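Have a look at query_35.pdb; it's PDB, C-alpha atoms:
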ATOM      1  CA  MET A   1      -4.385   4.537 -20.539
ATOM      2  CA  GLN A   2      -2.459   1.293 -20.130
ATOM      3  CA  THR A   3      -3.603  -1.907 -21.782
ATOM      4  CA  PRO A   4      -5.856  -3.910 -19.452
ATOM      5  CA  SER A   5      -4.620  -7.337 -18.413
ATOM      6  CA  PRO A   6      -6.247 -10.457 -19.816
ATOM      7  CA  GLY A   7      -8.962 -12.062 -17.693
ATOM      8  CA  HIS A   8     -10.500  -9.225 -15.753
ATOM      9  CA  PRO A   9      -9.446  -5.970 -17.425
ATOM     10  CA  ILE A  10      -7.796  -4.228 -14.497
ATOM     11  CA  VAL A  11      -6.289  -0.760 -14.634
ATOM     12  CA  VAL A  12      -4.186   0.511 -11.724
ATOM     13  CA  GLN A  13      -2.839   4.041 -11.651
ATOM     14  CA  LEU A  14      -0.700   5.764  -9.030
ATOM     15  CA  LEU A  15      -0.874   9.491  -9.564
ATOM     16  CA  GLU A  16       1.617  12.061  -8.310
ATOM     17  CA  ALA A  17      -0.436  15.085  -9.380
ATOM     18  CA  PRO A  18      -4.058  16.087  -8.690
ATOM     19  CA  PHE A  19      -6.603  14.338 -10.890
ATOM     20  CA  GLN A  20     -10.233  14.836 -11.862
ATOM     21  CA  PRO A  21     -12.045  11.568 -11.051
ATOM     22  CA  LEU A  22     -14.824  12.088 -13.590
ATOM     23  CA  GLU A  23     -12.353  12.795 -16.364
ATOM     24  CA  LEU A  24     -10.364   9.695 -15.468
ATOM     25  CA  LEU A  25     -13.577   7.674 -15.420
ATOM     26  CA  ALA A  26     -14.508   8.919 -18.873
ATOM     27  CA  VAL A  27     -11.098   7.938 -20.275
ATOM     28  CA  TRP A  28     -11.390   4.502 -18.658
ATOM     29  CA  GLN A  29     -14.913   3.962 -20.029
ATOM     30  CA  ARG A  30     -13.805   4.908 -23.542
ATOM     31  CA  SER A  31     -10.833   2.516 -23.275
ATOM     32  CA  LEU A  32     -13.220  -0.379 -22.645
ATOM     33  CA  GLY A  33     -14.956   0.061 -25.993
ATOM     34  CA  PRO A  34     -18.491   0.870 -27.037
ATOM     35  CA  ALA A  35     -20.291  -2.037 -25.315
ATOM     36  CA  ALA A  36     -21.071  -0.711 -21.829
ATOM     37  CA  THR A  37     -22.016  -3.186 -19.109
ATOM     38  CA  ALA A  38     -25.426  -3.067 -17.411
ATOM     39  CA  ALA A  39     -23.994  -2.029 -14.041
ATOM     40  CA  GLU A  40     -21.113   0.168 -13.017
ATOM     41  CA  SER A  41     -20.290   1.355  -9.508
ATOM     42  CA  HIS A  42     -17.865   4.103  -8.411
ATOM     43  CA  PHE A  43     -16.284   5.403  -5.252
ATOM     44  CA  ILE A  44     -14.395   8.683  -4.966
ATOM     45  CA  GLY A  45     -12.498   9.434  -1.755
ATOM     46  CA  ARG A  46     -11.343  12.973  -0.967
ATOM     47  CA  VAL A  47      -8.998  14.372   1.678
ATOM     48  CA  ARG A  48     -10.765  15.684   4.786
ATOM     49  CA  PRO A  49     -10.077  19.295   5.805
ATOM     50  CA  THR A  50      -9.229  18.274   9.387
ATOM     51  CA  THR A  51      -6.743  15.929  11.053
ATOM     52  CA  ALA A  52      -7.634  12.927  13.235
ATOM     53  CA  THR A  53      -7.580  15.287  16.254
ATOM     54  CA  GLY A  54      -9.753  17.918  14.582
ATOM     55  CA  ALA A  55      -7.033  20.456  13.725
ATOM     56  CA  PRO A  56      -7.059  22.157  10.321
ATOM     57  CA  LEU A  57      -5.187  19.990   7.801
ATOM     58  CA  GLU A  58      -2.616  21.715   5.626
ATOM     59  CA  THR A  59      -1.537  18.735   3.549
ATOM     60  CA  LEU A  60      -1.919  14.975   3.550
ATOM     61  CA  GLU A  61       1.296  13.167   2.643
ATOM     62  CA  LEU A  62       0.943   9.724   1.100
ATOM     63  CA  GLU A  63       3.989   7.460   1.238
ATOM     64  CA  HIS A  64       3.953   4.118  -0.554
ATOM     65  CA  TYR A  65       6.169   1.175  -1.435
ATOM     66  CA  PRO A  66       6.822   1.657  -5.167
ATOM     67  CA  GLY A  67       6.430  -1.590  -7.048
ATOM     68  CA  MET A  68       4.646  -3.439  -4.271
ATOM     69  CA  SER A  69       1.813  -0.897  -4.085
ATOM     70  CA  GLU A  70       0.959  -1.277  -7.782
ATOM     71  CA  ALA A  71       1.291  -5.070  -7.668
ATOM     72  CA  GLN A  72      -0.794  -5.346  -4.531
ATOM     73  CA  LEU A  73      -3.578  -3.090  -5.871
ATOM     74  CA  ARG A  74      -3.702  -5.217  -9.011
ATOM     75  CA  ALA A  75      -3.796  -8.482  -7.030
ATOM     76  CA  LEU A  76      -6.534  -7.189  -4.710
ATOM     77  CA  ALA A  77      -8.597  -6.017  -7.696
ATOM     78  CA  GLU A  78      -8.169  -9.345  -9.485
ATOM     79  CA  THR A  79      -9.191 -11.314  -6.384
ATOM     80  CA  CYS A  80     -12.193  -9.099  -5.702
ATOM     81  CA  ALA A  81     -13.427  -9.179  -9.294
ATOM     82  CA  THR A  82     -13.111 -12.960  -9.384
ATOM     83  CA  ARG A  83     -14.913 -13.391  -6.044
ATOM     84  CA  HIS A  84     -17.865 -11.296  -7.190
ATOM     85  CA  GLY A  85     -17.925 -12.245 -10.837
ATOM     86  CA  ALA A  86     -17.333  -8.614 -11.785
ATOM     87  CA  GLY A  87     -15.726  -7.396 -14.997
ATOM     88  CA  ALA A  88     -13.468  -4.414 -15.565
ATOM     89  CA  VAL A  89     -11.898  -2.654 -12.572
ATOM     90  CA  LEU A  90     -10.200   0.723 -12.270
ATOM     91  CA  VAL A  91      -8.196   1.757  -9.207
ATOM     92  CA  ALA A  92      -6.542   5.175  -9.120
ATOM     93  CA  HIS A  93      -4.668   6.321  -6.012
ATOM     94  CA  ARG A  94      -2.780   9.532  -5.298
ATOM     95  CA  VAL A  95       0.685   9.516  -3.758
ATOM     96  CA  GLY A  96       2.817  12.403  -2.527
ATOM     97  CA  ARG A  97       1.374  15.595  -1.063
ATOM     98  CA  ILE A  98      -2.392  16.020  -1.384
ATOM     99  CA  GLY A  99      -4.433  19.079  -0.464
ATOM    100  CA  PRO A 100      -7.712  19.115   1.511
ATOM    101  CA  GLY A 101     -10.649  18.381  -0.768
ATOM    102  CA  GLU A 102      -8.525  16.766  -3.459
ATOM    103  CA  ALA A 103      -9.414  13.294  -4.689
ATOM    104  CA  ILE A 104      -7.155  10.634  -3.174
ATOM    105  CA  VAL A 105      -8.756   7.413  -4.418
ATOM    106  CA  LEU A 106     -11.090   6.324  -7.204
ATOM    107  CA  VAL A 107     -12.458   2.781  -7.527
ATOM    108  CA  ALA A 108     -14.760   1.754 -10.386
ATOM    109  CA  VAL A 109     -16.176  -1.679 -11.173
ATOM    110  CA  GLN A 110     -18.253  -2.931 -14.072
ATOM    111  CA  ALA A 111     -20.484  -5.993 -13.814
ATOM    112  CA  ASP A 112     -23.641  -7.337 -15.387
ATOM    113  CA  ARG A 113     -25.675  -6.673 -12.204
ATOM    114  CA  ARG A 114     -25.756  -3.977  -9.515
ATOM    115  CA  GLY A 115     -24.976  -6.412  -6.685
ATOM    116  CA  PRO A 116     -21.523  -7.508  -7.869
ATOM    117  CA  ALA A 117     -20.640  -3.974  -8.983
ATOM    118  CA  LEU A 118     -21.555  -2.383  -5.643
ATOM    119  CA  ARG A 119     -20.132  -5.152  -3.460
ATOM    120  CA  CYS A 120     -16.855  -5.310  -5.358
ATOM    121  CA  VAL A 121     -16.324  -1.549  -5.071
ATOM    122  CA  GLN A 122     -16.912  -1.613  -1.317
ATOM    123  CA  GLU A 123     -14.778  -4.685  -0.666
ATOM    124  CA  LEU A 124     -11.936  -3.524  -2.865
ATOM    125  CA  LEU A 125     -11.903  -0.155  -1.124
ATOM    126  CA  GLU A 126     -11.675  -1.838   2.292
ATOM    127  CA  ASP A 127      -9.050  -4.278   1.014
ATOM    128  CA  LEU A 128      -6.815  -1.553  -0.331
ATOM    129  CA  LYS A 129      -7.150   0.542   2.833
ATOM    130  CA  HIS A 130      -5.776  -2.368   4.861
ATOM    131  CA  HIS A 131      -3.608  -4.417   2.493
ATOM    132  CA  ALA A 132      -1.907  -2.092   0.035
ATOM    133  CA  PRO A 133       1.310  -0.475   1.310
ATOM    134  CA  PHE A 134       0.278   3.161   1.727
ATOM    135  CA  TRP A 135       0.898   5.390   4.743
ATOM    136  CA  LYS A 136      -0.712   8.736   5.509
ATOM    137  CA  ARG A 137       0.937  11.597   7.335
ATOM    138  CA  GLU A 138      -1.137  14.611   8.316
ATOM    139  CA  TRP A 139       0.569  17.998   8.216
ATOM    140  CA  SER A 140      -0.886  20.657  10.494
ATOM    141  CA  GLY A 141       0.697  23.662  12.155
ATOM    142  CA  GLY A 142       3.956  22.860  10.385
ATOM    143  CA  SER A 143       4.388  19.395  11.903
ATOM    144  CA  GLY A 144       3.613  15.975  10.493
ATOM    145  CA  THR A 145       1.910  13.065  12.283
ATOM    146  CA  TRP A 146       1.715   9.534  10.901
ATOM    147  CA  VAL A 147      -1.887   8.330  10.947
ATOM    148  CA  ALA A 148      -2.242   5.376  13.343
ATOM    149  CA  GLY A 149      -5.097   3.568  11.606
ATOM    150  CA  ASN A 150      -8.016   3.789   9.217
ATOM    151  CA  THR A 151     -11.176   5.742   9.978
ATOM    152  CA  PRO A 152     -14.280   3.629  10.769
ATOM    153  CA  LEU A 153     -16.366   2.383   7.864
TER     154      LEU A 153
ATOM    155  CA  MET B   1      31.736 -24.571   6.911
ATOM    156  CA  ALA B   2      33.002 -21.375   5.307
ATOM    157  CA  ALA B   3      32.517 -18.051   7.043
ATOM    158  CA  PRO B   4      29.617 -15.975   5.633
ATOM    159  CA  SER B   5      30.767 -13.851   2.758
ATOM    160  CA  PRO B   6      30.161 -10.125   3.123
ATOM    161  CA  ASP B   7      29.593  -9.651  -0.603
ATOM    162  CA  LEU B   8      26.253  -8.453  -1.908
ATOM    163  CA  ALA B   9      25.200 -11.862  -3.181
ATOM    164  CA  ALA B  10      25.091 -13.175   0.394
ATOM    165  CA  ALA B  11      23.183 -10.202   1.749
ATOM    166  CA  VAL B  12      19.574  -9.099   1.917
ATOM    167  CA  ARG B  13      18.306  -5.584   1.290
ATOM    168  CA  VAL B  14      16.275  -4.285   4.228
ATOM    169  CA  ARG B  15      13.724  -1.518   3.704
ATOM    170  CA  LEU B  16      11.722   0.500   6.219
ATOM    171  CA  PHE B  17       8.767   2.781   5.549
ATOM    172  CA  ALA B  18       6.900   5.717   7.071
ATOM    173  CA  ALA B  19       7.036   5.947  10.877
ATOM    174  CA  LEU B  20       9.363   2.925  11.108
ATOM    175  CA  ARG B  21      11.872   4.530   8.749
ATOM    176  CA  GLU B  22      11.880   7.780  10.671
ATOM    177  CA  ARG B  23      12.186   6.057  14.030
ATOM    178  CA  ALA B  24      15.183   4.023  12.839
ATOM    179  CA  GLY B  25      16.769   6.960  11.011
ATOM    180  CA  TRP B  26      17.377   4.947   7.828
ATOM    181  CA  GLY B  27      15.265   3.573   5.010
ATOM    182  CA  GLU B  28      17.414   0.987   3.301
ATOM    183  CA  ARG B  29      20.530  -1.049   4.062
ATOM    184  CA  LEU B  30      22.267  -4.265   3.085
ATOM    185  CA  VAL B  31      22.643  -6.885   5.798
ATOM    186  CA  PRO B  32      24.809 -10.005   5.306
ATOM    187  CA  LEU B  33      23.059 -13.297   5.943
ATOM    188  CA  GLU B  34      24.689 -15.584   8.478
ATOM    189  CA  ALA B  35      23.904 -18.680  10.494
ATOM    190  CA  SER B  36      22.087 -16.782  13.248
ATOM    191  CA  LEU B  37      20.237 -14.540  10.833
ATOM    192  CA  THR B  38      17.899 -16.465   8.563
ATOM    193  CA  SER B  39      14.479 -14.751   8.780
ATOM    194  CA  ALA B  40      12.812 -11.345   8.905
ATOM    195  CA  ALA B  41      12.159 -11.904  12.616
ATOM    196  CA  ASP B  42      15.914 -12.385  13.124
ATOM    197  CA  LEU B  43      16.586  -9.182  11.208
ATOM    198  CA  TRP B  44      14.156  -7.232  13.385
ATOM    199  CA  HIS B  45      15.970  -8.438  16.475
ATOM    200  CA  ARG B  46      19.449  -7.902  15.028
ATOM    201  CA  LEU B  47      18.740  -4.377  13.820
ATOM    202  CA  ALA B  48      17.121  -3.397  17.140
ATOM    203  CA  LEU B  49      14.067  -1.963  15.416
ATOM    204  CA  ASP B  50      11.865  -1.942  18.528
ATOM    205  CA  ASP B  51      10.291   1.204  19.852
ATOM    206  CA  GLY B  52      12.337   1.697  23.028
ATOM    207  CA  PRO B  53      13.203  -0.776  25.791
ATOM    208  CA  VAL B  54      10.253  -3.057  26.449
ATOM    209  CA  ALA B  55       9.802  -6.444  28.078
ATOM    210  CA  ASP B  56       9.542  -8.239  24.751
ATOM    211  CA  ALA B  57      12.429  -6.359  23.143
ATOM    212  CA  GLY B  58      13.505  -7.870  19.854
ATOM    213  CA  VAL B  59      10.184  -9.587  19.212
ATOM    214  CA  LEU B  60       8.444  -8.466  16.041
ATOM    215  CA  SER B  61       5.076  -6.901  16.910
ATOM    216  CA  PRO B  62       2.011  -8.342  15.116
ATOM    217  CA  SER B  63       1.215  -4.791  13.993
ATOM    218  CA  ILE B  64       4.345  -4.787  11.807
ATOM    219  CA  ARG B  65       3.935  -6.705   8.560
ATOM    220  CA  VAL B  66       6.752  -8.255   6.580
ATOM    221  CA  ALA B  67       7.151  -8.230   2.821
ATOM    222  CA  ILE B  68       9.758 -10.308   1.022
ATOM    223  CA  ASN B  69      10.476  -9.318  -2.584
ATOM    224  CA  GLN B  70       7.446  -7.014  -2.456
ATOM    225  CA  ALA B  71       4.908  -9.655  -1.374
ATOM    226  CA  PHE B  72       3.538 -10.179   2.137
ATOM    227  CA  ALA B  73       5.321 -13.017   3.933
ATOM    228  CA  ALA B  74       5.426 -14.664   7.345
ATOM    229  CA  PRO B  75       8.170 -13.274   9.615
ATOM    230  CA  ASP B  76       9.760 -16.729   9.939
ATOM    231  CA  THR B  77      10.070 -17.299   6.175
ATOM    232  CA  PRO B  78      13.673 -18.368   5.434
ATOM    233  CA  LEU B  79      15.560 -15.618   3.627
ATOM    234  CA  ARG B  80      17.634 -16.168   0.504
ATOM    235  CA  PRO B  81      20.601 -14.099  -0.651
ATOM    236  CA  GLY B  82      19.445 -11.105  -2.644
ATOM    237  CA  ASP B  83      15.986 -10.942  -1.056
ATOM    238  CA  GLU B  84      14.420  -7.553  -0.411
ATOM    239  CA  VAL B  85      12.907  -7.581   3.084
ATOM    240  CA  ALA B  86      10.575  -4.769   4.100
ATOM    241  CA  PHE B  87       9.036  -3.981   7.474
ATOM    242  CA  LEU B  88       5.665  -2.276   7.054
ATOM    243  CA  PRO B  89       4.002  -0.265   9.842
ATOM    244  CA  PRO B  90       0.166  -0.289  10.051
ATOM    245  CA  ILE B  91      -1.241   0.516   6.625
ATOM    246  CA  THR B  92      -3.402   3.622   6.167
ATOM    247  CA  GLY B  93      -4.281   3.850   2.501
ATOM    248  CA  GLY B  94      -7.370   4.942   0.634
TER     249      GLY B  94
END
Any chance you could give the structure as structure tokens?
Amino acid sequence: MQTPSPGHPIVVQLLEAPFQPLELLAVWQRSLGPAATAAESHFIGRVRPTTATGAPLETLELEHYPGMSEAQLRALAETCATRHGAGAVLVAHRVGRIGPGEAIVLVAVQADRRGPALRCVQELLEDLKHHAPFWKREWSGGSGTWVAGNTPL
Amino acid sequence: MAAPSPDLAAAVRVRLFAALRERAGWGERLVPLEASLTSAADLWHRLALDDGPVADAGVLSPSIRVAINQAFAAPDTPLRPGDEVAFLPPITGG
């Protein structure tokens, strides 16, 4: 796992292959050393089995803007952690072709209280859904459709 | 005033993504800067990136975001030679 940045230790990973969120979490926790914080909040997002119109989904394709996507995830995490007084942050996001049921995003935040940990996870998730350069295309019946917008909260 | 040079140093790199890239049929090209082309909004107009003939043809839609050198920027930000200018359709991450 990469060395966290100074200030808030922030780890950003873009993953081209399927990943196990709990295994990634365990690696991240070990990388932070033995002194665990009092509060830690997690969100795991997985690919739905159906498209926006209800058809069976074959594959979700995730395009991104290499370079800007990593930088933007890091900036959003830094801003969110600062706003909430949170500590370490992990953001992992799949790119490429992702199967139904596979994990697509993992956000984890450590803090000294449950409030900052929970709020930072939720805000960072919303921030990255709207402000990090990722685009979804749903493949169904052999044709691909770019997703027009995010699902409701 | 000298004519704009077509060399790479006087050009910007334009990048398109996702639905925008497929609609335009290209993802990346170099465009020389010149007197009438100084911002991302100018580029949008010049490259005819609109979705079909509409009343406000050539005007950059608010749903399209601009990034300059991989950071969000206002469409009227003055461009400098060597800039990378990207047009980003509505984001759907997470």
Legend entry - Atom-to-atom span, atom CA of Trp28 of chain A and atom CA of Gln70 of chain B, Å: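 Atom-to-atom, atom CA of Trp28 of chain A to atom CA of Gln70 of chain B, that is 27.4 Å.
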Inset, instruction - Considering all atoms listed in the file, return as a ChimeraX atom specification whatever protein or nucleic-acid residues lie within 6 Å of segment 131-148 of chain A, sequence-local ones (same chain, fewer than 4 positions apart) excluded. - result: /A:57-65,69,72,127 /B:91-93
Legend entry - Counting all atoms listed in the file, chain B residues within 12 Å of chain A, as JSON, numbers by chain: {"B": [15, 16, 17, 18, 19, 20, 21, 22, 23, 27, 63, 64, 65, 66, 67, 68, 69, 70, 71, 72, 84, 85, 86, 87, 88, 89, 90, 91, 92, 93, 94]}
Inset, instruction - State, in Å with one decimal place, the distance from atom CA of Leu124 of chain A to atom CA of Pro75 of chain B. - result: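 Distance reported for this atom pair: 25.6 Å.
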Inset, instruction - Run the PyMOL selection byres ((chain A and resi 89) around 12) on the file and write out the hits as an MDAnalysis selection string. - result: chainID A and resid 4:5 7:13 25 28:29 31:32 40:43 73:82 84:88 90:92 106:111 116:118 120:121 124:125
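Here atom CA of Arg48 of chain A is placed at a distance of 14.8 Å from atom CA of Leu153 of chain A.
If you measure from each of B:Ser61, B:Pro32, B:Val14, B:Gly25 to Pro81 of chain B using all atoms listed in the file, the closest one turns out to be B:Pro32.
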Inset, instruction - Check what the PyMOL selection byres ((chain B and resi 76) around 9) selects in the file above and give those residues as a list in words. - result: Thr38, Ser39, Ala40, Ala41, Asp42, Ala73, Ala74, Pro75, Thr77, Pro78 and Leu79 of chain B
